[in-house]
2 protein chains.
Amino acid sequence: MTTPRQRLEITYLLRTGPGEGARARAREIALEQTVELPEGAFSEALEEAVVGRIESVEELGGDRARATISYAPGLAAGDLPQLLNLLFGNVSMKAGVRLEAVAWPAAVLDALPGPRFGIAGLRRLCGVKGRPLLATALKPLGLTAKALAALARDFALAGIDVVKDDHSLADQPPAPFAERVGRCFEAVERANRESGGGTLYLPNLTGPVERLDERLEAIRRAGGRGALVSPLVLGLDAVRRLAGTSGLALLGHPALAGAFFGAEHGIAPAVLLGELFRMAGCDGVIYPNAGGRFVLPLAECEAINARLRGPLGGLAPAFPVPGGGIDARRVPEWIERFGSDTIFLLGSSLYAGGDPRRAAERLVVAAR
Amino acid sequence: MTTPRQRLEITYLLRTGPGEGARARAREIALEQTVELPEGAFSEALEEAVVGRIESVEELGGDRARATISYAPGLAAGDLPQLLNLLFGNVSMKAGVRLEAVAWPAAVLDALPGPRFGIAGLRRLCGVKGRPLLATALKPLGLTAKALAALARDFALAGIDVVKDDHSLADQPPAPFAERVGRCFEAVERANRESGGGTLYLPNLTGPVERLDERLEAIRRAGGRGALVSPLVLGLDAVRRLAGTSGLALLGHPALAGAFFGAEHGIAPAVLLGELFRMAGCDGVIYPNAGGRFVLPLAECEAINARLRGPLGGLAPAFPVPGGGIDARRVPEWIERFGSDTIFLLGSSLYAGGDPRRAAERLVVAAR
């Protein structure tokens, strides 16, 4: 028998049904996520070894409760897809179950790569110490590879630390992957030589999955040191594989993640983006910042920051990358609030005035 | 310029903000999913070629509206990850956006494999004509491979058409993948020879992604003709690749799908499970049936059935596989309602009484 400390402890916020106790609801989840059998249809030995164990149940009033259920780490250790199943696979289809927090046992964390570069490594790649980094996006979809490369050059000369593709840039005709990557790397390299800067260009590394290795090779051949990936679009486990084998720094994009962000149902952003993306190997994780075009409240953003940077077994800390409509004029405020181990991602705000390069130059001055 | 019929048309149910018109909200989505830029920051040419076009907006009263936005298929054709981005990537992070329906242009459908076997092919594999199929699951997690194989034999002798692994069976020590697959195939083969039946065993084919091909090979070596896959856990594009190259029939499991099933936010089950899973190549798709342990209302189940079986470009129809707590005693009723081109998946209900084989035999009699 393992002690609770060695088990995977998951805290769920639950909505209980009419006349249903919180403990019964917790038990239902403990069965659903493991044996998928009704009471009485499995042995005592399986009850002990496999079924989730209810560690605590707290009634919150009304029809709300919080329950912590622990699982033997061997049910999922070393297997990220099965870990996703265990965390939220079947309960995703029950009403009113929100995964709020996880205490991760070493057996689970040790089997995952975590960030290869992390905050310190990304700082080394960009040559930036002691201040926050600035990032922007090459856009829009529909521009030619040449036009995107010209923008990349402008941003690099302006002093933006990280220039990434928009996540919708895949392999569409106006800017096919290989041409775009070649041109943008060359443009950024040349700008870096001119300016003495260290801007990092991150192309969008995406599927079809059978072409990932070929695209990875193209990035490496062009001298690339990193890439943008969308873990929920590409598969979290595909990203985990890339993190372990590609040698690239990976910036995680949250596309599709909002499906999980229900107030009463889903997975807390700090767990999904702050922990799972980091465990899969993202060196930085983009999230939609409060006050922008999206819906995360400030407290959730701060929780993501804390989970990306805080202790997580032996895994390196990862950069929080707030984005999604940050107003360039408010960046000093956000630096004050989020601290220097942050990458601020500004896209729209630099493009809005029609002169992205000048806007980027102004941003760099304001931020330093 | 393409006519609307050639474009990808997406219908969203929207919640509008205070003082925000439905058309403004639709325009916001049309920009977010394509150029990710504010008004005025892109050219007329990109407006025409890339930005989503609002085809219709219908005010539904209160703060609800329905909008249809069309996109040039070239933005995503041939690229399932980018298709997911276009459908719901960034808007997942906005409040109150539910993707209700899609009109798929040929350019998108033709580039995807769809079911290799489909309803007709799965019927051939099982040797069953003109009646619904019955399926069950090997469980629970924690049993040895030998014990699971004994169950597989019992179910095959009882006349169950499809015996699948529980989706939580990955490669855990009590029943490691290779041993489980070998033993279960052998048990089912032997039972088929004894009984003259054609039971199909579907092992759970899951990650780590770099081991998929090796596991696929093990299934093939054992004489397997199909597998269970969880597209949202493994990555929808990983399943698309398997469908195109494995030669196996694929049964799709809905793990994690419930995250998308919000009443006001997410993707309609009929689109996610009925269309996207089918387009990615699932020959059958499991969904949580109404009246079981999960939350889908009957109308959603019937919509999934319709989208799996109905016309979808040149793609073969796929089997609906209602499961998730169907009561064995009610199967005749469900057959009446859902029709014979259905696979009824009963797990718990057969195990509940402690004698799964007898329960399976009774089910087979009741269903035929």
# chains A, B, ... in the order shown; residues from 1 in each chain; ligands from 1
call {"tool": "residues_around", "arguments": {"residues": "Ala156 in chain A", "least_positions_apart": "2", "cutoff": "12 Å", "atoms": "only C-alpha atoms", "output": "mmCIF file with all heavy atoms, in the first residue's frame"}}
result
data_model
loop_
_atom_site.group_PDB
_atom_site.id
_atom_site.type_symbol
_atom_site.label_atom_id
_atom_site.label_comp_id
_atom_site.auth_asym_id
_atom_site.auth_seq_id
_atom_site.Cartn_x
_atom_site.Cartn_y
_atom_site.Cartn_z
ATOM 1 N N CYS A 126 18.138 33.640 -26.382
ATOM 2 C CA CYS A 126 17.911 35.029 -26.814
ATOM 3 C C CYS A 126 18.992 35.974 -26.307
ATOM 4 O O CYS A 126 19.015 37.148 -26.701
ATOM 5 C CB CYS A 126 16.569 35.542 -26.307
ATOM 6 S SG CYS A 126 15.161 34.611 -26.872
ATOM 7 N N LEU A 134 10.112 40.135 -24.887
ATOM 8 C CA LEU A 134 8.994 40.589 -25.717
ATOM 9 C C LEU A 134 8.878 39.669 -26.923
ATOM 10 O O LEU A 134 9.892 39.302 -27.537
ATOM 11 C CB LEU A 134 9.229 42.019 -26.194
ATOM 12 C CG LEU A 134 9.259 43.072 -25.093
ATOM 13 C CD1 LEU A 134 9.682 44.425 -25.680
ATOM 14 C CD2 LEU A 134 7.888 43.201 -24.422
ATOM 15 N N ALA A 135 7.635 39.305 -27.233
ATOM 16 C CA ALA A 135 7.397 38.429 -28.385
ATOM 17 C C ALA A 135 6.316 39.020 -29.259
ATOM 18 O O ALA A 135 5.460 39.777 -28.795
ATOM 19 C CB ALA A 135 6.972 37.040 -27.906
ATOM 20 N N THR A 136 6.346 38.673 -30.527
ATOM 21 C CA THR A 136 5.240 39.030 -31.413
ATOM 22 C C THR A 136 5.016 37.908 -32.412
ATOM 23 O O THR A 136 5.731 36.906 -32.408
ATOM 24 C CB THR A 136 5.468 40.371 -32.124
ATOM 25 O OG1 THR A 136 4.231 40.778 -32.740
ATOM 26 C CG2 THR A 136 6.534 40.285 -33.203
ATOM 27 N N ALA A 137 3.981 38.093 -33.243
ATOM 28 C CA ALA A 137 3.578 37.058 -34.189
ATOM 29 C C ALA A 137 3.656 37.577 -35.616
ATOM 30 O O ALA A 137 3.323 38.729 -35.878
ATOM 31 C CB ALA A 137 2.162 36.605 -33.878
ATOM 32 N N LEU A 138 4.085 36.688 -36.512
ATOM 33 C CA LEU A 138 4.032 36.986 -37.938
ATOM 34 C C LEU A 138 2.632 36.658 -38.425
ATOM 35 O O LEU A 138 2.154 35.546 -38.248
ATOM 36 C CB LEU A 138 5.054 36.137 -38.698
ATOM 37 C CG LEU A 138 6.503 36.347 -38.274
ATOM 38 C CD1 LEU A 138 7.419 35.441 -39.096
ATOM 39 C CD2 LEU A 138 6.909 37.809 -38.445
ATOM 40 N N ALA A 149 8.586 37.235 -44.058
ATOM 41 C CA ALA A 149 10.011 37.367 -43.737
ATOM 42 C C ALA A 149 10.391 38.837 -43.551
ATOM 43 O O ALA A 149 11.215 39.177 -42.685
ATOM 44 C CB ALA A 149 10.863 36.719 -44.826
ATOM 45 N N ALA A 150 9.786 39.709 -44.348
ATOM 46 C CA ALA A 150 10.075 41.141 -44.203
ATOM 47 C C ALA A 150 9.610 41.640 -42.835
ATOM 48 O O ALA A 150 10.296 42.430 -42.164
ATOM 49 C CB ALA A 150 9.394 41.926 -45.334
ATOM 50 N N LEU A 151 8.453 41.147 -42.407
ATOM 51 C CA LEU A 151 7.969 41.505 -41.070
ATOM 52 C C LEU A 151 8.910 40.963 -39.998
ATOM 53 O O LEU A 151 9.210 41.642 -39.005
ATOM 54 C CB LEU A 151 6.574 40.913 -40.836
ATOM 55 C CG LEU A 151 5.396 41.668 -41.450
ATOM 56 C CD1 LEU A 151 4.140 40.794 -41.428
ATOM 57 C CD2 LEU A 151 5.139 42.971 -40.681
ATOM 58 N N ALA A 152 9.365 39.731 -40.191
ATOM 59 C CA ALA A 152 10.272 39.112 -39.210
ATOM 60 C C ALA A 152 11.527 39.962 -39.061
ATOM 61 O O ALA A 152 12.022 40.200 -37.953
ATOM 62 C CB ALA A 152 10.624 37.690 -39.655
ATOM 63 N N ARG A 153 12.037 40.419 -40.188
ATOM 64 C CA ARG A 153 13.223 41.276 -40.171
ATOM 65 C C ARG A 153 12.955 42.583 -39.411
ATOM 66 O O ARG A 153 13.748 42.988 -38.561
ATOM 67 C CB ARG A 153 13.629 41.573 -41.628
ATOM 68 C CG ARG A 153 14.785 42.534 -41.763
ATOM 69 C CD ARG A 153 15.049 42.860 -43.233
ATOM 70 N NE ARG A 153 15.671 44.168 -43.321
ATOM 71 C CZ ARG A 153 16.979 44.385 -43.122
ATOM 72 N NH1 ARG A 153 17.778 43.369 -42.852
ATOM 73 N NH2 ARG A 153 17.467 45.600 -43.185
ATOM 74 N N ASP A 154 11.811 43.183 -39.713
ATOM 75 C CA ASP A 154 11.450 44.426 -39.029
ATOM 76 C C ASP A 154 11.393 44.237 -37.516
ATOM 77 O O ASP A 154 11.912 45.057 -36.754
ATOM 78 C CB ASP A 154 10.072 44.915 -39.502
ATOM 79 C CG ASP A 154 10.143 45.590 -40.869
ATOM 80 O OD1 ASP A 154 11.270 45.852 -41.353
ATOM 81 O OD2 ASP A 154 9.071 45.843 -41.448
ATOM 82 N N ALA A 158 13.801 45.800 -34.646
ATOM 83 C CA ALA A 158 13.195 46.634 -33.589
ATOM 84 C C ALA A 158 13.598 46.149 -32.200
ATOM 85 O O ALA A 158 13.387 46.851 -31.210
ATOM 86 C CB ALA A 158 11.675 46.640 -33.735
ATOM 87 N N GLY A 159 14.130 44.923 -32.113
ATOM 88 C CA GLY A 159 14.576 44.435 -30.811
ATOM 89 C C GLY A 159 13.609 43.500 -30.099
ATOM 90 O O GLY A 159 13.746 43.247 -28.898
ATOM 91 N N ILE A 160 12.609 42.974 -30.839
ATOM 92 C CA ILE A 160 11.698 41.968 -30.260
ATOM 93 C C ILE A 160 12.511 40.680 -30.042
ATOM 94 O O ILE A 160 13.272 40.264 -30.912
ATOM 95 C CB ILE A 160 10.517 41.716 -31.214
ATOM 96 C CG1 ILE A 160 9.700 42.992 -31.427
ATOM 97 C CG2 ILE A 160 9.655 40.558 -30.718
ATOM 98 C CD1 ILE A 160 8.908 43.464 -30.232
ATOM 99 N N ASP A 161 12.359 40.068 -28.875
ATOM 100 C CA ASP A 161 13.193 38.904 -28.546
ATOM 101 C C ASP A 161 12.753 37.623 -29.245
ATOM 102 O O ASP A 161 13.576 36.811 -29.653
ATOM 103 C CB ASP A 161 13.178 38.668 -27.027
ATOM 104 C CG ASP A 161 13.652 39.897 -26.269
ATOM 105 O OD1 ASP A 161 14.829 40.278 -26.468
ATOM 106 O OD2 ASP A 161 12.862 40.494 -25.513
ATOM 107 N N VAL A 162 11.448 37.441 -29.335
ATOM 108 C CA VAL A 162 10.916 36.196 -29.907
ATOM 109 C C VAL A 162 9.885 36.551 -30.974
ATOM 110 O O VAL A 162 8.919 37.270 -30.697
ATOM 111 C CB VAL A 162 10.246 35.323 -28.818
ATOM 112 C CG1 VAL A 162 9.592 34.091 -29.438
ATOM 113 C CG2 VAL A 162 11.263 34.912 -27.750
ATOM 114 N N VAL A 163 10.096 36.051 -32.183
ATOM 115 C CA VAL A 163 9.153 36.275 -33.275
ATOM 116 C C VAL A 163 8.621 34.912 -33.690
ATOM 117 O O VAL A 163 9.385 34.057 -34.119
ATOM 118 C CB VAL A 163 9.847 36.957 -34.471
ATOM 119 C CG1 VAL A 163 8.880 37.069 -35.650
ATOM 120 C CG2 VAL A 163 10.369 38.339 -34.067
ATOM 121 N N LYS A 164 7.312 34.718 -33.523
ATOM 122 C CA LYS A 164 6.727 33.412 -33.844
ATOM 123 C C LYS A 164 5.756 33.540 -34.995
ATOM 124 O O LYS A 164 5.187 34.605 -35.240
ATOM 125 C CB LYS A 164 6.021 32.840 -32.619
ATOM 126 C CG LYS A 164 4.738 33.592 -32.266
ATOM 127 C CD LYS A 164 3.827 32.777 -31.369
ATOM 128 C CE LYS A 164 2.449 33.421 -31.217
ATOM 129 N NZ LYS A 164 1.587 33.331 -32.406
ATOM 130 N N CYS A 184 12.177 33.230 -43.360
ATOM 131 C CA CYS A 184 12.083 33.945 -42.079
ATOM 132 C C CYS A 184 13.360 33.752 -41.258
ATOM 133 O O CYS A 184 13.846 34.705 -40.637
ATOM 134 C CB CYS A 184 10.856 33.503 -41.299
ATOM 135 S SG CYS A 184 9.320 34.066 -42.068
ATOM 136 N N PHE A 185 13.896 32.530 -41.235
ATOM 137 C CA PHE A 185 15.153 32.328 -40.509
ATOM 138 C C PHE A 185 16.253 33.210 -41.091
ATOM 139 O O PHE A 185 17.006 33.847 -40.362
ATOM 140 C CB PHE A 185 15.593 30.860 -40.561
ATOM 141 C CG PHE A 185 15.041 30.054 -39.437
ATOM 142 C CD1 PHE A 185 14.240 28.955 -39.669
ATOM 143 C CD2 PHE A 185 15.312 30.407 -38.112
ATOM 144 C CE1 PHE A 185 13.714 28.211 -38.628
ATOM 145 C CE2 PHE A 185 14.790 29.668 -37.062
ATOM 146 C CZ PHE A 185 13.993 28.566 -37.321
ATOM 147 N N GLU A 186 16.326 33.218 -42.404
ATOM 148 C CA GLU A 186 17.374 34.004 -43.052
ATOM 149 C C GLU A 186 17.216 35.492 -42.706
ATOM 150 O O GLU A 186 18.199 36.170 -42.384
ATOM 151 C CB GLU A 186 17.294 33.787 -44.564
ATOM 152 C CG GLU A 186 18.586 34.107 -45.276
ATOM 153 C CD GLU A 186 18.352 34.348 -46.761
ATOM 154 O OE1 GLU A 186 17.366 33.789 -47.319
ATOM 155 O OE2 GLU A 186 19.151 35.111 -47.351
ATOM 156 N N ALA A 187 15.981 35.972 -42.762
ATOM 157 C CA ALA A 187 15.730 37.394 -42.482
ATOM 158 C C ALA A 187 16.111 37.743 -41.042
ATOM 159 O O ALA A 187 16.730 38.788 -40.787
ATOM 160 C CB ALA A 187 14.248 37.711 -42.731
ATOM 161 N N VAL A 188 15.779 36.855 -40.112
ATOM 162 C CA VAL A 188 16.068 37.136 -38.709
ATOM 163 C C VAL A 188 17.573 37.031 -38.449
ATOM 164 O O VAL A 188 18.155 37.858 -37.729
ATOM 165 C CB VAL A 188 15.250 36.193 -37.783
ATOM 166 C CG1 VAL A 188 15.733 36.273 -36.344
ATOM 167 C CG2 VAL A 188 13.763 36.537 -37.866
ATOM 168 N N GLU A 189 18.197 36.040 -39.047
ATOM 169 C CA GLU A 189 19.647 35.899 -38.903
ATOM 170 C C GLU A 189 20.377 37.147 -39.380
ATOM 171 O O GLU A 189 21.290 37.665 -38.737
ATOM 172 C CB GLU A 189 20.143 34.693 -39.716
ATOM 173 C CG GLU A 189 20.126 33.402 -38.952
ATOM 174 C CD GLU A 189 20.742 33.561 -37.573
ATOM 175 O OE1 GLU A 189 21.979 33.754 -37.502
ATOM 176 O OE2 GLU A 189 19.990 33.525 -36.567
ATOM 177 N N ARG A 190 19.957 37.608 -40.575
ATOM 178 C CA ARG A 190 20.601 38.785 -41.139
ATOM 179 C C ARG A 190 20.381 40.015 -40.249
ATOM 180 O O ARG A 190 21.308 40.779 -39.978
ATOM 181 C CB ARG A 190 20.086 39.041 -42.556
ATOM 182 C CG ARG A 190 21.249 39.509 -43.450
ATOM 183 C CD ARG A 190 20.825 39.893 -44.824
ATOM 184 N NE ARG A 190 20.090 38.805 -45.464
ATOM 185 C CZ ARG A 190 19.345 38.969 -46.563
ATOM 186 N NH1 ARG A 190 19.228 40.170 -47.100
ATOM 187 N NH2 ARG A 190 18.724 37.956 -47.111
ATOM 188 N N ALA A 191 19.155 40.150 -39.772
ATOM 189 C CA ALA A 191 18.861 41.284 -38.876
ATOM 190 C C ALA A 191 19.695 41.184 -37.599
ATOM 191 O O ALA A 191 20.229 42.191 -37.106
ATOM 192 C CB ALA A 191 17.371 41.314 -38.540
ATOM 193 N N ASN A 192 19.824 39.974 -37.062
ATOM 194 C CA ASN A 192 20.626 39.802 -35.842
ATOM 195 C C ASN A 192 22.077 40.198 -36.081
ATOM 196 O O ASN A 192 22.705 40.826 -35.222
ATOM 197 C CB ASN A 192 20.571 38.338 -35.364
ATOM 198 C CG ASN A 192 19.267 38.018 -34.631
ATOM 199 O OD1 ASN A 192 18.545 38.912 -34.197
ATOM 200 N ND2 ASN A 192 18.963 36.736 -34.509
ATOM 201 N N ARG A 193 22.608 39.827 -37.245
ATOM 202 C CA ARG A 193 23.994 40.210 -37.552
ATOM 203 C C ARG A 193 24.128 41.724 -37.653
ATOM 204 O O ARG A 193 25.082 42.318 -37.130
ATOM 205 C CB ARG A 193 24.467 39.544 -38.854
ATOM 206 C CG ARG A 193 24.877 38.075 -38.669
ATOM 207 C CD ARG A 193 25.740 37.567 -39.827
ATOM 208 N NE ARG A 193 25.069 37.703 -41.114
ATOM 209 C CZ ARG A 193 24.224 36.782 -41.629
ATOM 210 N NH1 ARG A 193 23.957 35.677 -40.957
ATOM 211 N NH2 ARG A 193 23.660 36.969 -42.807
ATOM 212 N N GLU A 194 23.157 42.352 -38.308
ATOM 213 C CA GLU A 194 23.193 43.819 -38.447
ATOM 214 C C GLU A 194 23.131 44.523 -37.095
ATOM 215 O O GLU A 194 23.837 45.492 -36.849
ATOM 216 C CB GLU A 194 21.977 44.317 -39.256
ATOM 217 C CG GLU A 194 22.174 44.314 -40.747
ATOM 218 C CD GLU A 194 20.887 44.766 -41.463
ATOM 219 O OE1 GLU A 194 20.334 45.829 -41.089
ATOM 220 O OE2 GLU A 194 20.451 44.041 -42.386
ATOM 221 N N SER A 195 22.214 44.007 -36.249
ATOM 222 C CA SER A 195 21.911 44.747 -35.013
ATOM 223 C C SER A 195 22.712 44.259 -33.823
ATOM 224 O O SER A 195 22.726 44.905 -32.777
ATOM 225 C CB SER A 195 20.424 44.600 -34.690
ATOM 226 O OG SER A 195 20.163 43.241 -34.359
ATOM 227 N N GLY A 196 23.352 43.097 -33.967
ATOM 228 C CA GLY A 196 23.981 42.484 -32.802
ATOM 229 C C GLY A 196 22.970 41.878 -31.839
ATOM 230 O O GLY A 196 23.317 41.482 -30.724
ATOM 231 N N GLY A 197 21.713 41.759 -32.262
ATOM 232 C CA GLY A 197 20.656 41.213 -31.407
ATOM 233 C C GLY A 197 20.608 39.693 -31.458
ATOM 234 O O GLY A 197 21.383 39.054 -32.169
ATOM 235 N N GLY A 198 19.704 39.143 -30.699
ATOM 236 C CA GLY A 198 19.594 37.676 -30.639
ATOM 237 C C GLY A 198 18.177 37.204 -30.804
ATOM 238 O O GLY A 198 17.754 36.247 -30.151
ATOM 239 N N THR A 199 17.414 37.857 -31.692
ATOM 240 C CA THR A 199 16.009 37.481 -31.869
ATOM 241 C C THR A 199 15.882 36.014 -32.273
ATOM 242 O O THR A 199 16.629 35.524 -33.123
ATOM 243 C CB THR A 199 15.359 38.386 -32.941
ATOM 244 O OG1 THR A 199 15.426 39.735 -32.478
ATOM 245 C CG2 THR A 199 13.909 37.994 -33.194
ATOM 246 N N LEU A 200 14.922 35.358 -31.658
ATOM 247 C CA LEU A 200 14.665 33.941 -31.899
ATOM 248 C C LEU A 200 13.403 33.842 -32.745
ATOM 249 O O LEU A 200 12.361 34.384 -32.382
ATOM 250 C CB LEU A 200 14.440 33.275 -30.537
ATOM 251 C CG LEU A 200 14.350 31.765 -30.427
ATOM 252 C CD1 LEU A 200 15.662 31.105 -30.852
ATOM 253 C CD2 LEU A 200 13.982 31.379 -28.994
ATOM 254 N N TYR A 201 13.494 33.139 -33.879
ATOM 255 C CA TYR A 201 12.309 32.927 -34.719
ATOM 256 C C TYR A 201 11.757 31.535 -34.453
ATOM 257 O O TYR A 201 12.492 30.545 -34.503
ATOM 258 C CB TYR A 201 12.660 33.100 -36.203
ATOM 259 C CG TYR A 201 11.611 32.548 -37.148
ATOM 260 C CD1 TYR A 201 10.279 32.992 -37.087
ATOM 261 C CD2 TYR A 201 11.931 31.586 -38.101
ATOM 262 C CE1 TYR A 201 9.315 32.486 -37.945
ATOM 263 C CE2 TYR A 201 10.973 31.075 -38.966
ATOM 264 C CZ TYR A 201 9.657 31.526 -38.884
ATOM 265 O OH TYR A 201 8.705 31.010 -39.726
ATOM 266 N N PRO A 356 3.876 48.158 -38.082
ATOM 267 C CA PRO A 356 4.300 47.239 -37.012
ATOM 268 C C PRO A 356 5.728 47.495 -36.537
ATOM 269 O O PRO A 356 6.008 47.376 -35.344
ATOM 270 C CB PRO A 356 4.190 45.850 -37.659
ATOM 271 C CG PRO A 356 3.341 46.013 -38.872
ATOM 272 C CD PRO A 356 3.418 47.453 -39.289
ATOM 273 N N ARG A 357 6.624 47.884 -37.441
ATOM 274 C CA ARG A 357 8.007 48.081 -37.011
ATOM 275 C C ARG A 357 8.143 49.226 -36.022
ATOM 276 O O ARG A 357 8.772 49.077 -34.976
ATOM 277 C CB ARG A 357 8.919 48.315 -38.222
ATOM 278 C CG ARG A 357 10.330 48.650 -37.766
ATOM 279 C CD ARG A 357 11.357 48.388 -38.796
ATOM 280 N NE ARG A 357 12.666 48.869 -38.341
ATOM 281 C CZ ARG A 357 13.728 48.886 -39.103
ATOM 282 N NH1 ARG A 357 13.661 48.453 -40.358
ATOM 283 N NH2 ARG A 357 14.881 49.328 -38.638
ATOM 284 N N ARG A 358 7.530 50.359 -36.345
ATOM 285 C CA ARG A 358 7.615 51.494 -35.407
ATOM 286 C C ARG A 358 6.929 51.178 -34.089
ATOM 287 O O ARG A 358 7.424 51.530 -33.022
ATOM 288 C CB ARG A 358 7.011 52.767 -36.019
ATOM 289 C CG ARG A 358 8.007 53.486 -36.935
ATOM 290 C CD ARG A 358 7.727 54.977 -37.013
ATOM 291 N NE ARG A 358 7.637 55.643 -35.719
ATOM 292 C CZ ARG A 358 6.920 56.741 -35.496
ATOM 293 N NH1 ARG A 358 6.235 57.291 -36.466
ATOM 294 N NH2 ARG A 358 6.896 57.297 -34.294
ATOM 295 N N ALA A 360 6.698 48.284 -32.772
ATOM 296 C CA ALA A 360 7.582 47.363 -32.046
ATOM 297 C C ALA A 360 8.731 48.132 -31.399
ATOM 298 O O ALA A 360 9.115 47.866 -30.251
ATOM 299 C CB ALA A 360 8.118 46.294 -32.998
ATOM 300 N N GLU A 361 9.273 49.100 -32.128
ATOM 301 C CA GLU A 361 10.366 49.911 -31.560
ATOM 302 C C GLU A 361 9.893 50.661 -30.318
ATOM 303 O O GLU A 361 10.585 50.705 -29.292
ATOM 304 C CB GLU A 361 10.882 50.906 -32.615
ATOM 305 C CG GLU A 361 11.703 50.226 -33.716
ATOM 306 C CD GLU A 361 11.924 51.138 -34.932
ATOM 307 O OE1 GLU A 361 11.273 52.217 -35.018
ATOM 308 O OE2 GLU A 361 12.725 50.750 -35.800
ATOM 309 N N VAL A 364 9.565 48.258 -27.421
ATOM 310 C CA VAL A 364 10.856 47.876 -26.843
ATOM 311 C C VAL A 364 11.360 48.975 -25.903
ATOM 312 O O VAL A 364 11.823 48.694 -24.791
ATOM 313 C CB VAL A 364 11.885 47.565 -27.962
ATOM 314 C CG1 VAL A 364 13.289 47.454 -27.397
ATOM 315 C CG2 VAL A 364 11.486 46.290 -28.697
#
call {"tool": "select_by_dssp", "arguments": {"residues": "range 120-316 of chain B", "states": "strand (DSSP E)", "output": "list in words"}}
result
Leu133, Leu134, Ala135, Thr136, Ala137, Leu138, Val162, Val163, Lys164, Asp165, Leu200, Tyr201, Leu202, Gly226, Ala227, Leu228, Val229, Ala249, Leu250, Leu251, Gly252, Gly266, Ile267, Gly284, Val285, Ile286, Tyr287 and Pro288 of chain B
call {"tool": "closest_residue", "arguments": {"among": "B:Thr68, B:Leu256, B:Leu75, B:Asn204", "to": "Val233 in chain B", "atoms": "only C-alpha atoms"}}
result
B:Leu256
call {"tool": "residues_around", "arguments": {"residues": "range 246-250 of chain B", "least_positions_apart": "6", "cutoff": "12 Å", "atoms": "only C-alpha atoms", "output": "ChimeraX atom specification"}}
result
/B:113-126,162,164,200-206,212-220,223-231,238-240,277-278,280-286,318-319
call {"tool": "closest_residue", "arguments": {"among": "B:Leu112, B:Leu308, B:Leu315, B:Ala106", "to": "chain A", "atoms": "only C-alpha atoms"}}
result
B:Leu112
call {"tool": "closest_residue", "arguments": {"among": "B:Leu232, B:Leu133, B:Ala263, B:Ala26", "to": "chain A", "atoms": "only C-alpha atoms"}}
result
B:Leu232
call {"tool": "closest_residue", "arguments": {"among": "B:Ala366, B:Leu157, B:Leu345, B:Leu87", "to": "chain A", "atoms": "only C-alpha atoms"}}
result
B:Leu87
call {"tool": "atom_distance", "arguments": {"atom1": "CA of Thr11 in chain B", "atom2": "CA of Glu264 in chain A"}}
result
25.2 Å
call {"tool": "residues_around", "arguments": {"residues": "Gly21 in chain A", "least_positions_apart": "4", "cutoff": "12 Å", "atoms": "only C-alpha atoms", "output": "list in words"}}
result
Leu14, Arg15, Thr16, Gly17, Arg25, Ala26, Arg27, Glu28, Val57, Glu58, Glu59, Leu60, Gly61, Gly62, Asp63, Arg64, Ala65, Arg66 and Ala67 of chain A
call {"tool": "residues_around", "arguments": {"residues": "Asn305 in chain B", "least_positions_apart": "6", "cutoff": "10 Å", "atoms": "only C-alpha atoms", "output": "list of chain:residue names"}}
result
B:Ala270, B:Leu273, B:Gly274, B:Val285, B:Tyr287, B:Ala299, B:Ala318, B:Phe319, B:Pro320, B:Val321, B:Pro322, B:Phe338, B:Gly339, B:Asp341, B:Thr342
